Amino acid sequence: MTAVENPMDPAAGTGTGDAAPPESVTVMAELRSHLWKSKAGISGIVICSLFVLAAVAGPWLPLIKDPTKQSLPDRLTPPVGWGGTWAHPLGTDQLGRDILARLIDGARISLLVSVTAVIIAAVLGTVLGLVAGYVGGKIDTLIVSAADVQMAFPGVLAGLILVAAFGPSVWLVIIVIAISSWMVFTRVGRGLVFTLKTSLYVEASELAGASSRRIMWRHLLPNLVSSLITLCVLELAAAILSESAFAFLGFGVQPPRSSWGLMIQQGRNYVTGDGWWIVTFAGMAIAIVVLGVNLLSLWLQSFNDVAEREQIVLERPGG
Amino acid sequence: MLRWLAKRIIAAAIVVFVVTSLVFVVTHIFTDPATVSLPLEASQEDRASRRAALGLDRPLSVQYWDFVSGLVVGDLGESFFQTQPASKLVFERLPATLRLVAGATVVTVLMAAPMGMLAAWWERRFADHAVLGFSMASISAPPFWIGYLVIIVFAVQLGWVPTFGSSGFKSFILPSFTIGLASAGRLAQMTRRGIVEELRKPYAVTAMSRGFSRSYTIVHHTFRNVASGFVTMTGWEVTRMFTGYTVVIEVVFSWPGVGRLAVEAIEDRDLILVQAAVVVLATMVVLTNLLVDIARRLIDPRVDLA
């Protein structure tokens with residue numbers, strides 16, 4: 001058990017809340033040695049790094065073609081191994097565009113949307129959870145009821161109504177994913193604050209006259225960070241899947257920009273005939289990346305046991 | 001029990017009321033059905049006349065009262081595009097969605113319960129790892145992609161079942177299997193964890209130390225204690241189906257359900273119809289949660305769900 005793992009350990013949050021360097025070094029070292037022993041952790045990190053690399057460095061990677069360049073004579077070229085050539089390793093789509101290049105291009109949208117949405121949800125949800133847990137009373141009741149209502153009105157339904165009202169756009173998808181995820185952070189944060197706020201160091205700083213804001217910001221929040229990071233990773237997997245589902249339904253990225261979900265939507269007419277590879281590879285990209293994020297989260301959970309918090313995550317419907 | 005039930009039903013009604021009111025705010029204050037139904041370049045006169053035709057020029061409070069009092073009697077407005085009552089269109093499609101959800105729930109339970117039990121029985125052995133592997137694959141793969149994969153394999157390559165539509169039992173197999181597969185992974189893991197946690201409790205440890213085998217203890221001692229948790233978790237999966245899986249899977253298999261109706265209504269710029277479909281699906285979620293609470297209470301009288 002280290003200080004980070006044990007929220008009741010006063011050493012983690014005493015004084016002004018700044019972590020002493022030696023302690024964080026131990027945590028990092030332990031994290032690293034734990035990682036080397038975990039196959040799930042390593043595979044997760046490798047997949048996620050490749051995903052981020054493809055998303056960030058995509059256009060500058062060598063040998064990758066222009067994802068928007070159409071070439072009708074080359075349309076529906078099969079991938080290598082099914083009669084294709086290395087000119088298009090994963091074949092081409094219905095307009096002769098290179099599938100590999102489009103997959104790498106799609107990684108950008110996927111990363112941008114999911115990370116932005118999770119950050120918004122985490123910030124909003126954590127602040128509400130802190131306030132609900134620490135202040136309590138009517139504000140707590142209000143925030144908890146809002147979270148309960150949100151549970152009954154999950155992402156896709158909110159997405160349907162908002163897209164119907166405002167038309168499809170990437171920003172709308174980000175907002176929809178964020179509003180269908182904030183209450184997870186609120187519930188977890190609130191639950192942790194409930195146990196933390198009776199601890200001695202919080203009472204001590206209350207007696208010393210610290211303001212509520214200071215206690216929440218400097219004493220409670222640092223103790224939530226490790227569980228919230230685990231939660232972020234878990235929510236990231238859900239966000240990538242949601243983004244692909246919205247793109248598939250045509251609610252997100254619009255052509256000619258590409259996204260994995262949109263590739264499946266556009267390739268679906270070729271599923272039964274010549275062109276099974278469009279849908280197959282695009283879906284495989286989503287599945288592998290989400291699997292990587294899930295493996296990472298599995299490892300983080302085993303490092304930092306959050307069984308009861310995960311329980312709360314699994315309670316949320318839809319998404 | 002009756003008192004508790006009454007309280008629970010009122011709470012559910014309040015949630016439905018709040019959710020529908022939120023929907024009203026989006027569809028009538030942030031925008032309105034007339035604006036949505038017209039192209040962007042429509043003139044001011046066109047907008048005004050359509051607003052008048054749809055009764056949107058009345059004060060918001062009057063419109064809201066109309067909306068709420070309509071809800072109570074099941075009137076969800078008139079579909080602008082199809083010029084029919086929206087409730088009629090939605091309720092025509094609802095049985096198909098309910099059938100799909102029912103089939104998927106059966107598939108999920110039949111897959112998840114045995115897998116969860118096997119994984120708990122052989123904890124940290126091969127079966128446990130195999131089930132974990134299946135679960136990771138099932139929660140990572142996008143359900144609509146799985147839908148196309150099973151179409152490619154079972155409908156196109158093998159030709160066992162039709163690729164889409166809803167003609168008879170055969171066309172029902174693939175969509176419900178696809179949704180069931182997506183839910184089964186999570187449910188199997190939750191079942192496994194429920195049993196494993198239960199097996200660590202003193203009463204189970206005592207039973208095993210008296211010489212009962214692990215399997216006997218699972219079946220005869222922990223089963224009822226795990227059952228109420230299992231019902232709750234199955235309920236969560238059902239709400240997931242209503243609000244996510246059915247929408248995309250109905251699109252993949254051209255299944256004539258409420259989810260696909262909503263997606264089509266968005267393409268037709270028919271805000272009233274989308275609103276009706278969303279209200280009905282959200283009500284299904286609330287009803288599912290209510291049923292789950294009642295079932296839990298019946299299974300495990302210790303559960304106090306005040």
# chains A, B, ... in the order shown; residues from 1 in each chain; ligands from 1
>>> interface_residues(of="chain A", to="chain B", cutoff="8 Å", atoms="only C-alpha atoms", output="number ranges by chain")
A: 149, 152-157, 160-166, 237, 241, 244-245, 249, 264, 268, 271-272, 276, 279-280, 283-284, 286-288, 290-291, 294-295, 315-319
>>> write_last_selection(atoms="N, CA and C atoms", output="short mmCIF file (atom, residue, chain, number, x, y, z; two decimals), in the first residue's frame")
data_model
loop_
_atom_site.label_atom_id
_atom_site.label_comp_id
_atom_site.auth_asym_id
_atom_site.auth_seq_id
_atom_site.Cartn_x
_atom_site.Cartn_y
_atom_site.Cartn_z
N VAL A 149 -31.42 11.70 -12.82
CA VAL A 149 -32.20 11.94 -14.03
C VAL A 149 -31.34 11.68 -15.26
N ALA A 152 -31.28 8.22 -16.29
CA ALA A 152 -32.47 7.73 -16.99
C ALA A 152 -32.54 8.28 -18.41
N PHE A 153 -31.62 9.18 -18.74
CA PHE A 153 -31.69 9.84 -20.04
C PHE A 153 -30.31 9.81 -20.67
N PRO A 154 -29.87 8.62 -21.06
CA PRO A 154 -28.48 8.46 -21.45
C PRO A 154 -28.15 9.03 -22.82
N GLY A 155 -26.86 8.93 -23.11
CA GLY A 155 -26.23 9.57 -24.25
C GLY A 155 -26.95 9.54 -25.57
N VAL A 156 -27.30 8.35 -26.04
CA VAL A 156 -27.81 8.28 -27.40
C VAL A 156 -29.14 9.02 -27.52
N LEU A 157 -29.98 8.94 -26.47
CA LEU A 157 -31.27 9.65 -26.53
C LEU A 157 -31.04 11.15 -26.57
N LEU A 160 -29.85 11.98 -30.00
CA LEU A 160 -30.90 12.01 -31.03
C LEU A 160 -31.62 13.35 -31.01
N ILE A 161 -32.01 13.78 -29.81
CA ILE A 161 -32.82 14.99 -29.74
C ILE A 161 -31.98 16.23 -30.10
N LEU A 162 -30.72 16.26 -29.65
CA LEU A 162 -29.88 17.42 -29.94
C LEU A 162 -29.51 17.50 -31.42
N VAL A 163 -29.23 16.34 -32.03
CA VAL A 163 -28.91 16.36 -33.45
C VAL A 163 -30.14 16.77 -34.25
N ALA A 164 -31.31 16.28 -33.83
CA ALA A 164 -32.54 16.66 -34.53
C ALA A 164 -32.74 18.17 -34.43
N ALA A 165 -32.39 18.75 -33.29
CA ALA A 165 -32.64 20.17 -33.10
C ALA A 165 -31.59 21.04 -33.77
N PHE A 166 -30.33 20.65 -33.72
CA PHE A 166 -29.26 21.55 -34.17
C PHE A 166 -28.50 21.07 -35.39
N ALA A 237 -12.74 4.75 -23.14
CA ALA A 237 -13.16 3.62 -23.97
C ALA A 237 -14.61 3.80 -24.40
N LEU A 241 -16.18 4.52 -28.35
CA LEU A 241 -17.28 3.74 -28.92
C LEU A 241 -18.47 4.64 -29.27
N SER A 244 -17.81 6.61 -32.42
CA SER A 244 -17.95 5.81 -33.64
C SER A 244 -19.42 5.55 -33.94
N ALA A 245 -20.22 5.33 -32.88
CA ALA A 245 -21.65 5.08 -33.12
C ALA A 245 -22.33 6.32 -33.70
N LEU A 249 -24.09 6.73 -37.40
CA LEU A 249 -25.46 7.16 -37.65
C LEU A 249 -25.49 8.44 -38.49
N ILE A 264 -17.58 2.91 -41.81
CA ILE A 264 -18.47 1.75 -41.76
C ILE A 264 -19.81 2.09 -42.40
N ARG A 268 -21.07 0.17 -45.88
CA ARG A 268 -22.03 -0.91 -45.58
C ARG A 268 -22.75 -1.43 -46.81
N VAL A 271 -20.94 -4.50 -48.16
CA VAL A 271 -20.72 -5.63 -47.27
C VAL A 271 -21.08 -6.94 -47.96
N THR A 272 -22.21 -6.94 -48.67
CA THR A 272 -22.70 -8.18 -49.23
C THR A 272 -22.03 -8.52 -50.55
N TRP A 276 -15.97 -6.09 -48.71
CA TRP A 276 -16.12 -6.39 -47.29
C TRP A 276 -15.02 -5.74 -46.46
N VAL A 279 -15.65 -2.11 -44.25
CA VAL A 279 -16.29 -2.24 -42.93
C VAL A 279 -15.39 -3.03 -41.97
N THR A 280 -14.79 -4.10 -42.48
CA THR A 280 -14.00 -4.97 -41.60
C THR A 280 -12.83 -4.22 -40.98
N GLY A 283 -13.91 -1.24 -38.57
CA GLY A 283 -14.39 -1.75 -37.28
C GLY A 283 -13.25 -2.33 -36.46
N MET A 284 -12.31 -2.98 -37.15
CA MET A 284 -11.18 -3.55 -36.43
C MET A 284 -10.37 -2.45 -35.76
N ILE A 286 -11.47 0.42 -34.61
CA ILE A 286 -12.19 0.84 -33.40
C ILE A 286 -11.99 -0.21 -32.31
N ALA A 287 -12.23 -1.48 -32.66
CA ALA A 287 -12.19 -2.54 -31.65
C ALA A 287 -10.81 -2.63 -31.01
N ILE A 288 -9.75 -2.53 -31.82
CA ILE A 288 -8.40 -2.68 -31.26
C ILE A 288 -8.07 -1.51 -30.33
N VAL A 290 -10.20 0.47 -28.69
CA VAL A 290 -11.00 0.39 -27.47
C VAL A 290 -10.48 -0.74 -26.57
N LEU A 291 -10.07 -1.84 -27.20
CA LEU A 291 -9.49 -2.93 -26.41
C LEU A 291 -8.23 -2.45 -25.69
N ASN A 294 -9.24 -0.38 -22.82
CA ASN A 294 -9.82 -1.22 -21.78
C ASN A 294 -8.75 -2.01 -21.03
N LEU A 295 -7.74 -2.49 -21.75
CA LEU A 295 -6.66 -3.23 -21.10
C LEU A 295 -5.91 -2.31 -20.14
N GLU A 315 -22.97 0.85 -13.34
CA GLU A 315 -24.39 1.13 -13.14
C GLU A 315 -24.95 2.02 -14.23
N ARG A 316 -24.07 2.79 -14.89
CA ARG A 316 -24.63 3.76 -15.81
C ARG A 316 -25.14 3.08 -17.08
N PRO A 317 -26.32 3.44 -17.50
CA PRO A 317 -26.86 2.84 -18.71
C PRO A 317 -26.38 3.56 -19.96
N GLY A 318 -26.58 2.91 -21.09
CA GLY A 318 -26.40 3.55 -22.39
C GLY A 318 -25.01 4.10 -22.63
N GLY A 319 -24.90 4.90 -23.65
CA GLY A 319 -23.64 5.58 -23.86
C GLY A 319 -22.97 5.17 -25.12
#
>>> select_by_dssp(residues="segment 12-115 of chain A", states="alpha helix (DSSP H)", output="ChimeraX atom specification")
/A:21-37,39-57,99-115
>>> residues_around(residues="segment 172-183 of chain B", least_positions_apart="4", cutoff="6 Å", atoms="only C-alpha atoms", output="NGL selection string")
:B and (100 or 103-104 or 107-108 or 138 or 147)
>>> write_last_selection(atoms="C-alpha atoms", output="PDB file, in the first residue's frame")
ATOM      1  CA  LEU B 100     -35.637  -7.283 -30.131  1.00  0.00           C
ATOM      2  CA  GLY B 103     -34.614 -11.666 -27.544  1.00  0.00           C
ATOM      3  CA  ALA B 104     -31.327  -9.932 -26.772  1.00  0.00           C
ATOM      4  CA  VAL B 107     -29.312 -14.315 -25.342  1.00  0.00           C
ATOM      5  CA  THR B 108     -27.365 -12.199 -22.836  1.00  0.00           C
ATOM      6  CA  SER B 138     -17.340  -8.092 -26.279  1.00  0.00           C
ATOM      7  CA  GLY B 147     -23.670  -6.708 -36.794  1.00  0.00           C
TER       8      GLY B 147
END
>>> atom_distance(atom1="atom CA of Ile218 of chain B", atom2="atom CA of Trp121 of chain B")
7.8 Å
>>> atom_distance(atom1="atom CA of Gly194 of chain B", atom2="atom CA of Gly229 of chain B")
7.4 Å
>>> residues_around(residues="segment 120-128 of chain A", least_positions_apart="6", cutoff="9 Å", atoms="only C-alpha atoms", output="PyMOL selection string")
chain A and resi 140+143+174-175+177-190+221+224+228+231-232
>>> write_last_selection(atoms="C-alpha atoms", output="JSON list (two decimals), in the first residue's frame")
[["chain", "number", "residue", "atom", "x", "y", "z"],
["A", 140, "ASP", "CA", -26.15, 17.71, -2.53],
["A", 143, "ILE", "CA", -26.83, 17.45, -7.71],
["A", 174, "ILE", "CA", -18.40, 16.09, -27.94],
["A", 175, "ILE", "CA", -21.07, 17.80, -25.85],
["A", 177, "ILE", "CA", -20.66, 12.40, -24.87],
["A", 178, "ALA", "CA", -19.66, 14.78, -22.09],
["A", 179, "ILE", "CA", -23.19, 15.16, -20.76],
["A", 180, "SER", "CA", -23.69, 11.42, -20.79],
["A", 181, "SER", "CA", -20.56, 10.86, -18.73],
["A", 182, "TRP", "CA", -20.25, 13.66, -16.14],
["A", 183, "MET", "CA", -22.42, 11.96, -13.52],
["A", 184, "VAL", "CA", -20.02, 9.03, -13.28],
["A", 185, "PHE", "CA", -17.33, 11.41, -12.02],
["A", 186, "THR", "CA", -19.84, 13.14, -9.77],
["A", 187, "ARG", "CA", -20.92, 9.90, -8.11],
["A", 188, "VAL", "CA", -17.40, 8.62, -7.59],
["A", 189, "GLY", "CA", -16.05, 11.99, -6.43],
["A", 190, "ARG", "CA", -18.95, 12.49, -4.04],
["A", 221, "LEU", "CA", -8.99, 16.98, -4.77],
["A", 224, "LEU", "CA", -9.23, 11.93, -5.70],
["A", 228, "LEU", "CA", -10.31, 9.83, -11.23],
["A", 231, "LEU", "CA", -12.12, 6.50, -14.27],
["A", 232, "CYS", "CA", -11.03, 8.77, -17.14]]
>>> closest_residue(among="B:Leu261, B:Leu158, B:Ala6, B:Ala112", to="Thr234 of chain B", atoms="only C-alpha atoms")
B:Ala112
>>> residues_around(residues="Leu296 of chain A", least_positions_apart="6", cutoff="12 Å", atoms="only C-alpha atoms", output="list in words")
Leu35, Ser38, Lys39, Ala40, Gly41, Ile42, Ser43, Gly44, Ile45, Val46, Ile47, Cys48, Ser49, Ile229, Thr230, Leu231, Cys232, Val233, Leu234, Glu235, Leu236, Ala237, Val289, Val290, Ser302 and Phe303 of chain A; Met136 of chain B
>>> closest_residue(among="B:Leu118, B:Val150, B:Leu76, B:Ile10", to="Ala130 of chain B", atoms="only C-alpha atoms")
B:Leu118
>>> residues_around(residues="segment 52-67 of chain B", least_positions_apart="2", cutoff="10 Å", atoms="only C-alpha atoms", output="short mmCIF file (atom, residue, chain, number, x, y, z; two decimals) with N, CA and C atoms, in the first residue's frame")
data_model
loop_
_atom_site.label_atom_id
_atom_site.label_comp_id
_atom_site.auth_asym_id
_atom_site.auth_seq_id
_atom_site.Cartn_x
_atom_site.Cartn_y
_atom_site.Cartn_z
N THR B 20 -38.94 14.56 -19.88
CA THR B 20 -39.72 15.09 -20.98
C THR B 20 -39.68 16.62 -20.99
N SER B 21 -39.63 17.22 -19.80
CA SER B 21 -39.55 18.68 -19.76
C SER B 21 -38.23 19.16 -20.35
N PHE B 24 -38.55 19.11 -23.94
CA PHE B 24 -39.35 20.25 -24.40
C PHE B 24 -38.47 21.51 -24.48
N VAL B 25 -37.62 21.69 -23.46
CA VAL B 25 -36.74 22.87 -23.47
C VAL B 25 -35.89 22.88 -24.73
N HIS B 28 -38.28 23.32 -27.96
CA HIS B 28 -39.14 24.49 -28.12
C HIS B 28 -38.50 25.80 -27.71
N ILE B 29 -37.44 25.76 -26.89
CA ILE B 29 -36.82 27.02 -26.49
C ILE B 29 -35.51 27.25 -27.24
N ASP B 32 -37.08 25.34 -32.65
CA ASP B 32 -38.47 24.89 -32.68
C ASP B 32 -38.71 24.03 -33.91
N PRO B 33 -39.77 23.21 -33.86
CA PRO B 33 -39.99 22.24 -34.95
C PRO B 33 -40.15 22.89 -36.31
N ALA B 34 -40.66 24.13 -36.36
CA ALA B 34 -40.85 24.77 -37.67
C ALA B 34 -39.49 25.10 -38.28
N ASP B 46 -42.05 32.41 -44.59
CA ASP B 46 -42.24 30.96 -44.56
C ASP B 46 -42.19 30.46 -43.13
N ARG B 47 -41.16 30.94 -42.42
CA ARG B 47 -40.99 30.50 -41.04
C ARG B 47 -42.23 30.86 -40.21
N ALA B 48 -42.67 32.13 -40.37
CA ALA B 48 -43.79 32.61 -39.56
C ALA B 48 -45.04 31.79 -39.86
N SER B 49 -45.28 31.53 -41.16
CA SER B 49 -46.51 30.81 -41.48
C SER B 49 -46.45 29.38 -40.97
N ARG B 50 -45.24 28.79 -41.05
CA ARG B 50 -45.17 27.41 -40.55
C ARG B 50 -45.29 27.37 -39.03
N SER B 69 -50.12 18.09 -20.95
CA SER B 69 -51.43 17.46 -20.86
C SER B 69 -51.60 16.41 -21.96
N GLY B 70 -50.91 16.64 -23.10
CA GLY B 70 -50.92 15.63 -24.16
C GLY B 70 -50.23 14.36 -23.71
N LEU B 71 -49.09 14.52 -23.02
CA LEU B 71 -48.32 13.37 -22.54
C LEU B 71 -49.18 12.45 -21.68
N VAL B 72 -49.96 13.08 -20.78
CA VAL B 72 -50.74 12.30 -19.83
C VAL B 72 -51.70 11.36 -20.55
N ASP B 75 -50.73 11.64 -26.03
CA ASP B 75 -50.68 12.40 -27.28
C ASP B 75 -49.31 13.06 -27.38
N LEU B 76 -48.55 12.69 -28.40
CA LEU B 76 -47.17 13.20 -28.50
C LEU B 76 -47.03 14.17 -29.66
N GLY B 77 -48.14 14.75 -30.10
CA GLY B 77 -48.06 15.72 -31.18
C GLY B 77 -48.23 15.06 -32.54
N GLU B 78 -48.18 15.89 -33.57
CA GLU B 78 -48.41 15.42 -34.93
C GLU B 78 -47.08 15.41 -35.68
N PHE B 80 -44.81 16.11 -38.46
CA PHE B 80 -44.96 17.09 -39.52
C PHE B 80 -44.79 16.46 -40.89
#
>>> residues_around(residues="Met208 of chain B", least_positions_apart="4", cutoff="12 Å", atoms="only C-alpha atoms", output="list in words")
Leu199, Arg200, Lys201, Pro202, Tyr203, Ala204, Phe212, Ser213, Arg214, Ser215, Tyr216, Thr217, Ile218, His220, His221 and Thr222 of chain B
>>> write_last_selection(atoms="C-alpha atoms", output="short mmCIF file (atom, residue, chain, number, x, y, z; two decimals), in the first residue's frame")
data_model
loop_
_atom_site.label_atom_id
_atom_site.label_comp_id
_atom_site.auth_asym_id
_atom_site.auth_seq_id
_atom_site.Cartn_x
_atom_site.Cartn_y
_atom_site.Cartn_z
CA LEU B 199 -17.60 -17.09 -1.78
CA ARG B 200 -15.24 -15.06 0.43
CA LYS B 201 -17.98 -14.36 2.96
CA PRO B 202 -17.87 -16.30 6.24
CA TYR B 203 -20.96 -18.41 5.57
CA ALA B 204 -19.54 -19.69 2.27
CA PHE B 212 -18.89 -29.04 0.58
CA SER B 213 -17.33 -28.67 -2.83
CA ARG B 214 -16.91 -25.27 -4.43
CA SER B 215 -19.57 -26.05 -7.03
CA TYR B 216 -22.05 -27.25 -4.37
CA THR B 217 -21.47 -24.09 -2.36
CA ILE B 218 -21.99 -21.91 -5.42
CA HIS B 220 -26.79 -24.18 -2.94
CA HIS B 221 -25.41 -21.38 -0.79
CA THR B 222 -24.46 -18.33 -2.78
#
